[in-house]
$ cat entry17.tsv   # TSV, C-alpha atoms and all ligand atoms
chain	number	residue	atom	x	y	z
A	1	MET	CA	136.42	298.12	48.33
A	2	ASN	CA	135.89	298.06	52.08
A	3	VAL	CA	133.22	296.05	53.89
A	4	SER	CA	130.78	298.98	54.10
A	5	GLU	CA	131.09	299.62	50.37
A	6	ALA	CA	130.49	295.94	49.63
A	7	ILE	CA	127.40	295.93	51.88
A	8	ASP	CA	126.07	299.20	50.43
A	9	SER	CA	126.55	298.20	46.81
A	10	ARG	CA	125.15	294.68	47.15
A	11	MET	CA	121.61	294.46	45.92
A	12	SER	CA	119.53	291.72	44.38
A	13	CYS	CA	120.41	291.93	40.71
A	14	ARG	CA	117.61	290.64	38.48
A	15	ALA	CA	119.08	291.28	35.03
A	16	PHE	CA	122.59	290.18	34.08
A	17	LEU	CA	124.83	290.56	31.04
A	18	PRO	CA	125.76	287.28	29.34
A	19	ALA	CA	129.54	287.84	29.87
A	20	SER	CA	131.07	284.77	31.45
A	21	VAL	CA	132.85	284.77	34.82
A	22	PRO	CA	136.35	283.23	34.96
A	23	GLU	CA	136.68	280.03	36.97
A	24	ALA	CA	139.57	281.63	38.93
A	25	THR	CA	137.21	284.38	40.14
A	26	VAL	CA	134.59	281.90	41.35
A	27	ARG	CA	137.31	279.87	43.07
A	28	ALA	CA	138.74	283.00	44.74
A	29	ILE	CA	135.29	283.93	46.08
A	30	LEU	CA	134.66	280.45	47.48
A	31	GLU	CA	138.19	280.14	48.91
A	32	GLN	CA	137.66	283.34	50.88
A	33	ALA	CA	134.08	282.48	51.88
A	34	ARG	CA	135.48	279.37	53.61
A	35	ARG	CA	136.39	281.74	56.46
A	36	THR	CA	132.69	282.14	57.31
A	37	PRO	CA	132.08	281.32	60.98
A	38	SER	CA	129.71	278.56	62.01
A	39	GLY	CA	128.61	277.22	65.37
A	40	GLY	CA	131.11	274.53	66.46
A	41	ASN	CA	132.90	275.19	63.16
A	42	LEU	CA	130.58	272.65	61.54
A	43	GLN	CA	130.84	274.47	58.19
A	44	PRO	CA	127.48	272.95	57.23
A	45	TRP	CA	127.38	274.48	53.71
A	46	TRP	CA	127.65	272.61	50.44
A	47	VAL	CA	127.80	274.63	47.26
A	48	HIS	CA	127.43	273.55	43.63
A	49	VAL	CA	128.47	275.95	40.88
A	50	VAL	CA	127.19	275.46	37.34
A	51	THR	CA	128.00	277.44	34.19
A	52	GLY	CA	128.40	276.98	30.41
A	53	ALA	CA	127.10	273.81	28.78
A	54	PRO	CA	125.89	272.09	32.00
A	55	LEU	CA	123.92	275.21	32.94
A	56	ALA	CA	122.34	275.36	29.48
A	57	GLU	CA	121.42	271.68	29.79
A	58	PHE	CA	119.95	272.20	33.27
A	59	LEU	CA	117.90	275.22	32.18
A	60	SER	CA	116.50	273.31	29.23
A	61	ILE	CA	115.39	270.51	31.58
A	62	ILE	CA	113.64	273.11	33.75
A	63	ARG	CA	112.00	274.78	30.73
A	64	GLY	CA	110.70	271.41	29.57
A	65	LYS	CA	109.25	270.58	32.98
A	66	ALA	CA	107.83	274.07	33.55
A	67	MET	CA	105.51	273.67	30.55
A	68	ALA	CA	103.68	270.85	32.33
A	69	ALA	CA	104.10	272.25	35.85
A	70	PRO	CA	104.42	276.08	35.77
A	71	ARG	CA	104.39	276.20	39.58
A	72	GLY	CA	107.24	273.74	39.89
A	73	GLU	CA	107.50	270.96	42.44
A	74	THR	CA	106.47	270.91	46.08
A	75	PRO	CA	109.12	272.87	48.04
A	76	GLU	CA	110.84	271.01	50.84
A	77	TYR	CA	110.38	273.87	53.26
A	78	ASP	CA	108.09	276.89	53.65
A	79	ILE	CA	109.86	279.91	52.20
A	80	TYR	CA	107.75	282.13	54.50
A	81	PRO	CA	105.64	281.26	57.52
A	82	ARG	CA	102.14	280.37	56.30
A	83	ASP	CA	100.52	283.23	58.22
A	84	LEU	CA	102.90	286.09	57.80
A	85	VAL	CA	102.14	288.58	60.58
A	86	GLU	CA	103.01	292.28	60.80
A	87	PRO	CA	105.42	293.95	60.30
A	88	TYR	CA	106.82	291.26	58.00
A	89	ARG	CA	103.72	290.98	55.84
A	90	SER	CA	103.72	294.67	54.87
A	91	ARG	CA	107.45	294.63	54.21
A	92	ARG	CA	107.09	291.71	51.85
A	93	TYR	CA	104.17	293.37	50.05
A	94	LYS	CA	106.01	296.70	49.71
A	95	CYS	CA	109.16	295.06	48.37
A	96	ALA	CA	107.17	293.22	45.67
A	97	GLU	CA	105.21	296.36	44.71
A	98	ASP	CA	108.40	298.44	44.49
A	99	MET	CA	110.03	295.79	42.33
A	100	TYR	CA	107.12	295.50	39.89
A	101	ALA	CA	106.91	299.31	39.71
A	102	THR	CA	110.43	299.44	38.25
A	103	ILE	CA	109.24	297.36	35.28
A	104	GLN	CA	105.79	298.97	35.22
A	105	VAL	CA	103.83	295.81	35.94
A	106	PRO	CA	100.60	296.65	37.77
A	107	ARG	CA	99.11	294.41	40.44
A	108	GLU	CA	96.25	293.26	38.17
A	109	ASP	CA	98.59	292.03	35.43
A	110	LYS	CA	99.06	288.53	36.83
A	111	PRO	CA	100.47	287.03	33.59
A	112	ALA	CA	103.24	289.68	33.51
A	113	ARG	CA	104.01	289.04	37.18
A	114	LEU	CA	104.21	285.31	36.54
A	115	ARG	CA	106.49	285.95	33.54
A	116	HIS	CA	108.80	287.94	35.77
A	117	PHE	CA	108.71	285.25	38.49
A	118	ALA	CA	109.66	282.68	35.85
A	119	ARG	CA	112.85	284.70	35.14
A	120	ASN	CA	114.06	283.29	38.46
A	121	PHE	CA	114.32	279.97	36.68
A	122	GLU	CA	116.68	281.40	34.09
A	123	PHE	CA	118.88	282.87	36.84
A	124	PHE	CA	117.84	286.25	35.44
A	125	GLY	CA	120.25	285.66	32.56
A	126	ALA	CA	123.30	285.21	34.84
A	127	PRO	CA	126.12	283.08	33.41
A	128	VAL	CA	126.84	281.36	36.74
A	129	ALA	CA	124.42	279.48	38.97
A	130	LEU	CA	125.14	278.50	42.55
A	131	PHE	CA	123.12	276.08	44.63
A	132	PHE	CA	123.51	276.17	48.42
A	133	CYS	CA	122.68	272.92	50.16
A	134	LEU	CA	122.87	271.51	53.63
A	135	ASP	CA	122.45	268.18	55.35
A	136	ARG	CA	118.76	267.73	56.11
A	137	ARG	CA	119.68	266.53	59.63
A	138	MET	CA	120.92	270.03	60.48
A	139	GLY	CA	118.74	272.44	62.46
A	140	PRO	CA	118.00	276.20	62.54
A	141	PRO	CA	121.47	277.17	63.85
A	142	GLN	CA	123.14	275.51	60.86
A	143	TRP	CA	120.66	277.10	58.43
A	144	SER	CA	121.80	280.44	59.80
A	145	ASP	CA	125.44	279.41	59.23
A	146	VAL	CA	124.63	278.69	55.58
A	147	GLY	CA	122.99	282.13	55.38
A	148	MET	CA	126.19	283.75	56.62
A	149	PHE	CA	128.17	281.79	54.06
A	150	MET	CA	125.86	283.05	51.32
A	151	GLN	CA	126.19	286.63	52.50
A	152	ASN	CA	129.97	286.35	52.38
A	153	VAL	CA	129.76	285.01	48.82
A	154	MET	CA	127.55	287.98	47.90
A	155	LEU	CA	129.92	290.53	49.47
A	156	LEU	CA	133.01	288.93	47.95
A	157	ALA	CA	131.28	289.00	44.57
A	158	ARG	CA	131.10	292.79	44.91
A	159	GLU	CA	134.85	292.95	45.52
A	160	HIS	CA	135.28	291.21	42.14
A	161	GLY	CA	132.93	293.63	40.36
A	162	LEU	CA	130.14	291.04	40.26
A	163	HIS	CA	126.54	291.06	41.42
A	164	THR	CA	124.29	288.36	42.79
A	165	CYS	CA	120.72	287.46	43.54
A	166	ALA	CA	119.98	284.89	46.24
A	167	GLN	CA	117.09	282.72	45.06
A	168	GLU	CA	114.98	280.68	47.42
A	169	ALA	CA	112.61	280.37	44.46
A	170	TRP	CA	114.72	277.39	43.38
A	171	SER	CA	113.20	275.43	46.25
A	172	HIS	CA	110.23	275.07	43.86
A	173	TRP	CA	112.47	272.85	41.72
A	174	ALA	CA	114.39	271.10	44.51
A	175	LYS	CA	113.72	267.58	43.22
A	176	THR	CA	114.98	268.34	39.71
A	177	VAL	CA	117.95	270.28	41.08
A	178	GLY	CA	118.79	267.33	43.35
A	179	GLU	CA	118.64	264.89	40.44
A	180	PHE	CA	120.72	267.12	38.19
A	181	LEU	CA	123.39	267.72	40.82
A	182	GLN	CA	123.19	264.10	41.97
A	183	LEU	CA	122.81	265.20	45.55
A	184	PRO	CA	123.13	262.43	48.11
A	185	PRO	CA	119.74	261.75	49.75
A	186	GLU	CA	120.79	263.42	53.00
A	187	HIS	CA	121.46	266.73	51.26
A	188	MET	CA	118.76	269.28	50.54
A	189	LEU	CA	118.68	272.48	48.56
A	190	PHE	CA	118.26	275.68	50.54
A	191	SER	CA	118.75	278.37	47.90
A	192	GLY	CA	120.06	279.14	44.47
A	193	MET	CA	122.07	282.22	43.61
A	194	ALA	CA	122.65	284.02	40.32
A	195	LEU	CA	126.15	285.42	39.81
A	196	GLY	CA	127.45	287.64	37.04
A	197	TYR	CA	127.80	291.18	35.72
A	198	ARG	CA	124.88	293.54	36.30
A	199	ASP	CA	122.97	294.91	33.33
A	200	GLU	CA	123.26	298.58	34.23
A	201	ASN	CA	120.55	299.61	31.78
A	202	HIS	CA	117.79	297.29	32.93
A	203	PRO	CA	115.16	299.19	34.98
A	204	ILE	CA	114.67	296.30	37.43
A	205	ASN	CA	118.18	296.87	38.73
A	206	ARG	CA	117.23	300.39	39.81
A	207	LEU	CA	115.29	298.98	42.76
A	208	ARG	CA	116.74	299.94	46.13
A	209	THR	CA	114.73	298.23	48.81
A	210	ASP	CA	113.75	299.89	52.10
A	211	ARG	CA	115.07	299.01	55.51
A	212	ALA	CA	113.46	299.66	58.87
A	213	PRO	CA	115.24	302.34	60.94
A	214	LEU	CA	117.52	301.19	63.74
A	215	GLU	CA	115.02	302.22	66.45
A	216	GLU	CA	112.53	299.70	65.06
A	217	PHE	CA	114.66	296.59	65.55
A	218	ALA	CA	117.57	297.40	67.87
A	219	THR	CA	117.65	297.86	71.62
A	220	LEU	CA	120.76	299.35	73.16
A	221	ARG	CA	121.25	299.48	76.91
A	222	GLY	CA	123.94	300.76	79.24
A	223	PHE	CA	125.64	303.26	76.92
B	1	LIG	C1	118.02	283.73	51.18
B	1	LIG	C2	117.41	284.67	50.19
B	1	LIG	C3	116.61	284.18	49.16
B	1	LIG	C4	116.04	285.04	48.22
B	1	LIG	N1	115.30	284.52	47.19
B	1	LIG	C5	114.89	285.32	46.17
B	1	LIG	C6	114.27	284.77	45.02
B	1	LIG	O1	114.01	283.58	44.92
B	1	LIG	N2	113.96	285.60	44.00
B	1	LIG	C7	114.21	286.94	44.05
B	1	LIG	O2	113.91	287.64	43.06
B	1	LIG	N3	114.79	287.50	45.15
B	1	LIG	C8	115.15	286.72	46.19
B	1	LIG	N4	115.79	287.26	47.29
B	1	LIG	C9	116.07	288.70	47.32
B	1	LIG	C10	115.25	289.46	48.36
B	1	LIG	O3	113.98	289.73	47.87
B	1	LIG	C11	116.04	290.75	48.66
B	1	LIG	O4	117.25	290.42	49.30
B	1	LIG	C12	115.31	291.74	49.55
B	1	LIG	O5	114.12	292.18	48.92
B	1	LIG	C13	116.19	292.96	49.86
B	1	LIG	O6	116.61	293.58	48.66
B	1	LIG	P1	118.13	293.70	48.24
B	1	LIG	O7	118.73	292.33	48.21
B	1	LIG	O8	118.11	294.31	46.85
B	1	LIG	O9	118.82	294.58	49.23
B	1	LIG	C14	116.30	286.43	48.28
B	1	LIG	C15	117.10	286.91	49.31
B	1	LIG	C16	117.64	286.06	50.27
B	1	LIG	C17	118.51	286.63	51.34
$ encode --input "entry17.tsv" --output "structure tokens"
Amino acid sequence: MNVSEAIDSRMSCRAFLPASVPEATVRAILEQARRTPSGGNLQPWWVHVVTGAPLAEFLSIIRGKAMAAPRGETPEYDIYPRDLVEPYRSRRYKCAEDMYATIQVPREDKPARLRHFARNFEFFGAPVALFFCLDRRMGPPQWSDVGMFMQNVMLLAREHGLHTCAQEAWSHWAKTVGEFLQLPPEHMLFSGMALGYRDENHPINRLRTDRAPLEEFATLRGF
């Protein structure tokens, strides 16, 4: 698989098969992802990988807490700017509508939408959970470094026949995640990520999201 194939075939997988992923595969992905660049070579990423019995234990803690607090805990950062302006607002709306269309959930059916959102907190059935953290004293440049690290993990997963879904939704459970992972106080959760084998038959995995054409976001001069 070349880089273009990895980029083209990566998508946010939201239904996984239960098949486990060998530890050697996860290690190989993370070993290679170490080569991610970062400003000043700070390498500001911290990653926690959870599978098997500890993942089952963690998910049962979340399920227990979600009964009392279905909306989770207060996130430590705003996932989106509070007033999302155009063109971002429409893109976000379209992406959600397209996703719910694949599973035939109309806009009015709020309980079904909430049920789908809650699947985030089961890692969409993935056997491996990753949590990407960074030191809370880091700034926007280091957050972008962590994003690059995550993208490399997602592309390397493709090379191993695996799929992923990055999950900022986990920021709604940052406190519980921090306690479970025993994060030092200076570390904070940025995003979770589901990792595993794609369920090829699940309609939600048929979603292929749009992208703006090059002319909309790129300016080229001097060619
Ligand atoms: C950092 C990051 C966090 C994300 N968090 C979530 C999430 O919590 N839940 C979810 O279903 N998708 C999440 N996504 C997936 C995006 O919605 C998705 O990448 C976008 O719609 C483009 O679709 P694609 O990944 O299939 O190409 C996240 C993506 C990124 C990059």
$ closest_residue --input "entry17.tsv" --among "A:Ala212, A:Arg221, A:Ser12, A:Asn201" --to "ligand LIG 1 (chain B)" --atoms "only C-alpha atoms and all ligand atoms"
A:Ser12
$ atom_distance --input "entry17.tsv" --atom1 "atom CA of Trp143 of chain A" --atom2 "atom CA of Leu162 of chain A"
24.8 Å
$ residues_near_ligand --input "entry17.tsv" --ligand "ligand LIG 1 (chain B)" --cutoff "10 Å" --atoms "only C-alpha atoms and all ligand atoms" --output "tab-separated table (two decimals) with C-alpha atoms, in the frame of the given file"
chain	number	residue	atom	x	y	z
A	7	ILE	CA	127.40	295.93	51.88
A	8	ASP	CA	126.07	299.20	50.43
A	9	SER	CA	126.55	298.20	46.81
A	10	ARG	CA	125.15	294.68	47.15
A	11	MET	CA	121.61	294.46	45.92
A	12	SER	CA	119.53	291.72	44.38
A	13	CYS	CA	120.41	291.93	40.71
A	14	ARG	CA	117.61	290.64	38.48
A	79	ILE	CA	109.86	279.91	52.20
A	91	ARG	CA	107.45	294.63	54.21
A	92	ARG	CA	107.09	291.71	51.85
A	94	LYS	CA	106.01	296.70	49.71
A	95	CYS	CA	109.16	295.06	48.37
A	96	ALA	CA	107.17	293.22	45.67
A	98	ASP	CA	108.40	298.44	44.49
A	99	MET	CA	110.03	295.79	42.33
A	116	HIS	CA	108.80	287.94	35.77
A	117	PHE	CA	108.71	285.25	38.49
A	118	ALA	CA	109.66	282.68	35.85
A	119	ARG	CA	112.85	284.70	35.14
A	120	ASN	CA	114.06	283.29	38.46
A	121	PHE	CA	114.32	279.97	36.68
A	123	PHE	CA	118.88	282.87	36.84
A	124	PHE	CA	117.84	286.25	35.44
A	132	PHE	CA	123.51	276.17	48.42
A	144	SER	CA	121.80	280.44	59.80
A	146	VAL	CA	124.63	278.69	55.58
A	147	GLY	CA	122.99	282.13	55.38
A	148	MET	CA	126.19	283.75	56.62
A	150	MET	CA	125.86	283.05	51.32
A	151	GLN	CA	126.19	286.63	52.50
A	154	MET	CA	127.55	287.98	47.90
A	164	THR	CA	124.29	288.36	42.79
A	165	CYS	CA	120.72	287.46	43.54
A	166	ALA	CA	119.98	284.89	46.24
A	167	GLN	CA	117.09	282.72	45.06
A	168	GLU	CA	114.98	280.68	47.42
A	169	ALA	CA	112.61	280.37	44.46
A	170	TRP	CA	114.72	277.39	43.38
A	171	SER	CA	113.20	275.43	46.25
A	172	HIS	CA	110.23	275.07	43.86
A	190	PHE	CA	118.26	275.68	50.54
A	191	SER	CA	118.75	278.37	47.90
A	192	GLY	CA	120.06	279.14	44.47
A	193	MET	CA	122.07	282.22	43.61
A	194	ALA	CA	122.65	284.02	40.32
A	205	ASN	CA	118.18	296.87	38.73
A	206	ARG	CA	117.23	300.39	39.81
A	207	LEU	CA	115.29	298.98	42.76
A	208	ARG	CA	116.74	299.94	46.13
A	209	THR	CA	114.73	298.23	48.81
A	210	ASP	CA	113.75	299.89	52.10
A	211	ARG	CA	115.07	299.01	55.51
$ atom_distance --input "entry17.tsv" --atom1 "atom CA of Phe149 of chain A" --atom2 "atom CA of Ser4 of chain A"
17.4 Å
$ closest_residue --input "entry17.tsv" --among "A:Gly178, A:Ala19, A:Gly125, A:Pro140" --to "Glu76 of chain A" --atoms "only C-alpha atoms"
A:Gly178
$ closest_residue --input "entry17.tsv" --among "A:Phe58, A:Ser38, A:Pro87, A:Leu30" --to "Glu216 of chain A" --atoms "all atoms listed in the file"
A:Pro87
$ atom_distance --input "entry17.tsv" --atom1 "atom CA of Asp145 of chain A" --atom2 "atom CA of Ser90 of chain A"
26.9 Å
$ residues_around --input "entry17.tsv" --residues "Tyr80 of chain A" --least-positions-apart "4" --cutoff "10 Å" --atoms "only C-alpha atoms" --output "ChimeraX atom specification"
/A:84,88-89,92
$ write_last_selection --input "entry17.tsv" --atoms "C-alpha atoms" --output "PDB file, keeping the file's coordinate frame"
ATOM      1  CA  LEU A  84     102.900 286.090  57.800  1.00  0.00           C
ATOM      2  CA  TYR A  88     106.820 291.260  58.000  1.00  0.00           C
ATOM      3  CA  ARG A  89     103.720 290.980  55.840  1.00  0.00           C
ATOM      4  CA  ARG A  92     107.090 291.710  51.850  1.00  0.00           C
TER       5      ARG A  92
END
$ residues_around --input "entry17.tsv" --residues "Asp135 of chain A" --least-positions-apart "6" --cutoff "7 Å" --atoms "all atoms listed in the file" --output "JSON list (two decimals) with C-alpha atoms, keeping the file's coordinate frame"
[["chain", "number", "residue", "atom", "x", "y", "z"],
["A", 186, "GLU", "CA", 120.79, 263.42, 53.00],
["A", 187, "HIS", "CA", 121.46, 266.73, 51.26],
["A", 188, "MET", "CA", 118.76, 269.28, 50.54]]
$ residues_around --input "entry17.tsv" --residues "Leu181 of chain A" --least-positions-apart "2" --cutoff "12 Å" --atoms "only C-alpha atoms" --output "PDB file with C-alpha atoms, keeping the file's coordinate frame"
ATOM      1  CA  TRP A  46     127.650 272.610  50.440  1.00  0.00           C
ATOM      2  CA  VAL A  47     127.800 274.630  47.260  1.00  0.00           C
ATOM      3  CA  HIS A  48     127.430 273.550  43.630  1.00  0.00           C
ATOM      4  CA  VAL A  49     128.470 275.950  40.880  1.00  0.00           C
ATOM      5  CA  VAL A  50     127.190 275.460  37.340  1.00  0.00           C
ATOM      6  CA  PRO A  54     125.890 272.090  32.000  1.00  0.00           C
ATOM      7  CA  LEU A  55     123.920 275.210  32.940  1.00  0.00           C
ATOM      8  CA  GLU A  57     121.420 271.680  29.790  1.00  0.00           C
ATOM      9  CA  PHE A  58     119.950 272.200  33.270  1.00  0.00           C
ATOM     10  CA  ALA A 129     124.420 279.480  38.970  1.00  0.00           C
ATOM     11  CA  LEU A 130     125.140 278.500  42.550  1.00  0.00           C
ATOM     12  CA  PHE A 131     123.120 276.080  44.630  1.00  0.00           C
ATOM     13  CA  PHE A 132     123.510 276.170  48.420  1.00  0.00           C
ATOM     14  CA  CYS A 133     122.680 272.920  50.160  1.00  0.00           C
ATOM     15  CA  ALA A 174     114.390 271.100  44.510  1.00  0.00           C
ATOM     16  CA  LYS A 175     113.720 267.580  43.220  1.00  0.00           C
ATOM     17  CA  THR A 176     114.980 268.340  39.710  1.00  0.00           C
ATOM     18  CA  VAL A 177     117.950 270.280  41.080  1.00  0.00           C
ATOM     19  CA  GLY A 178     118.790 267.330  43.350  1.00  0.00           C
ATOM     20  CA  GLU A 179     118.640 264.890  40.440  1.00  0.00           C
ATOM     21  CA  LEU A 183     122.810 265.200  45.550  1.00  0.00           C
ATOM     22  CA  PRO A 184     123.130 262.430  48.110  1.00  0.00           C
ATOM     23  CA  PRO A 185     119.740 261.750  49.750  1.00  0.00           C
ATOM     24  CA  HIS A 187     121.460 266.730  51.260  1.00  0.00           C
ATOM     25  CA  MET A 188     118.760 269.280  50.540  1.00  0.00           C
ATOM     26  CA  LEU A 189     118.680 272.480  48.560  1.00  0.00           C
TER      27      LEU A 189
END
$ closest_residue --input "entry17.tsv" --among "A:Phe217, A:Val21, A:Leu114, A:Ala101" --to "Ile204 of chain A" --atoms "only C-alpha atoms"
A:Ala101
$ closest_residue --input "entry17.tsv" --among "A:Ile103, A:Ala69, A:Val26, A:Val85" --to "His202 of chain A" --atoms "all atoms listed in the file"
A:Ile103
$ residues_near_point --input "entry17.tsv" --point "(134.8, 285.3, 46.0)" --cutoff "12 Å" --atoms "only C-alpha atoms" --output "JSON, numbers by chain"
{"A": [21, 22, 23, 24, 25, 26, 27, 28, 29, 30, 31, 32, 33, 34, 35, 36, 149, 150, 151, 152, 153, 154, 155, 156, 157, 158, 159, 160, 161, 162, 163, 164, 195, 196]}
$ closest_residue --input "entry17.tsv" --among "A:Ser60, A:Gln142, A:Asn2, A:Thr102" --to "Gly40 of chain A" --atoms "all atoms listed in the file"
A:Gln142
$ build_atoms --input "entry17.tsv" --residues "segment 83-107 of chain A" --atoms "N, CA and C atoms" --output "tab-separated table (two decimals), in the coordinates of the input"
chain	number	residue	atom	x	y	z
A	83	ASP	N	101.25	282.00	57.88
A	83	ASP	CA	100.52	283.23	58.22
A	83	ASP	C	101.55	284.29	58.57
A	84	LEU	N	101.87	285.08	57.59
A	84	LEU	CA	102.90	286.09	57.80
A	84	LEU	C	102.27	287.27	58.54
A	85	VAL	N	102.73	287.52	59.75
A	85	VAL	CA	102.14	288.58	60.58
A	85	VAL	C	102.88	289.90	60.32
A	86	GLU	N	102.34	290.97	60.89
A	86	GLU	CA	103.01	292.28	60.80
A	86	GLU	C	104.19	292.30	61.76
A	87	PRO	N	105.26	293.03	61.44
A	87	PRO	CA	105.42	293.95	60.30
A	87	PRO	C	105.93	293.28	59.02
A	88	TYR	N	106.16	291.95	59.12
A	88	TYR	CA	106.82	291.26	58.00
A	88	TYR	C	105.96	291.25	56.73
A	89	ARG	N	104.64	291.08	56.96
A	89	ARG	CA	103.72	290.98	55.84
A	89	ARG	C	103.76	292.24	54.97
A	90	SER	N	103.70	293.40	55.62
A	90	SER	CA	103.72	294.67	54.87
A	90	SER	C	105.06	294.89	54.17
A	91	ARG	N	106.13	294.46	54.84
A	91	ARG	CA	107.45	294.63	54.21
A	91	ARG	C	107.54	293.80	52.94
A	92	ARG	N	107.03	292.59	53.02
A	92	ARG	CA	107.09	291.71	51.85
A	92	ARG	C	106.26	292.30	50.70
A	93	TYR	N	105.08	292.79	51.03
A	93	TYR	CA	104.17	293.37	50.05
A	93	TYR	C	104.84	294.58	49.38
A	94	LYS	N	105.41	295.46	50.21
A	94	LYS	CA	106.01	296.70	49.71
A	94	LYS	C	107.18	296.39	48.77
A	95	CYS	N	107.98	295.41	49.17
A	95	CYS	CA	109.16	295.06	48.37
A	95	CYS	C	108.72	294.56	46.99
A	96	ALA	N	107.66	293.74	46.96
A	96	ALA	CA	107.17	293.22	45.67
A	96	ALA	C	106.60	294.37	44.83
A	97	GLU	N	105.81	295.24	45.46
A	97	GLU	CA	105.21	296.36	44.71
A	97	GLU	C	106.29	297.27	44.14
A	98	ASP	N	107.31	297.56	44.96
A	98	ASP	CA	108.40	298.44	44.49
A	98	ASP	C	109.13	297.80	43.32
A	99	MET	N	109.32	296.48	43.41
A	99	MET	CA	110.03	295.79	42.33
A	99	MET	C	109.22	295.84	41.03
A	100	TYR	N	107.93	295.51	41.12
A	100	TYR	CA	107.12	295.50	39.89
A	100	TYR	C	106.95	296.92	39.33
A	101	ALA	N	107.01	297.92	40.20
A	101	ALA	CA	106.91	299.31	39.71
A	101	ALA	C	108.09	299.66	38.80
A	102	THR	N	109.26	299.10	39.09
A	102	THR	CA	110.43	299.44	38.25
A	102	THR	C	110.24	298.96	36.81
A	103	ILE	N	109.46	297.87	36.65
A	103	ILE	CA	109.24	297.36	35.28
A	103	ILE	C	107.80	297.62	34.84
A	104	GLN	N	107.13	298.51	35.57
A	104	GLN	CA	105.79	298.97	35.22
A	104	GLN	C	104.80	297.83	35.02
A	105	VAL	N	104.81	296.90	35.97
A	105	VAL	CA	103.83	295.81	35.94
A	105	VAL	C	102.83	296.05	37.06
A	106	PRO	N	101.58	296.40	36.71
A	106	PRO	CA	100.60	296.65	37.77
A	106	PRO	C	100.14	295.36	38.45
A	107	ARG	N	99.54	295.54	39.62
A	107	ARG	CA	99.11	294.41	40.44
A	107	ARG	C	98.16	293.46	39.68
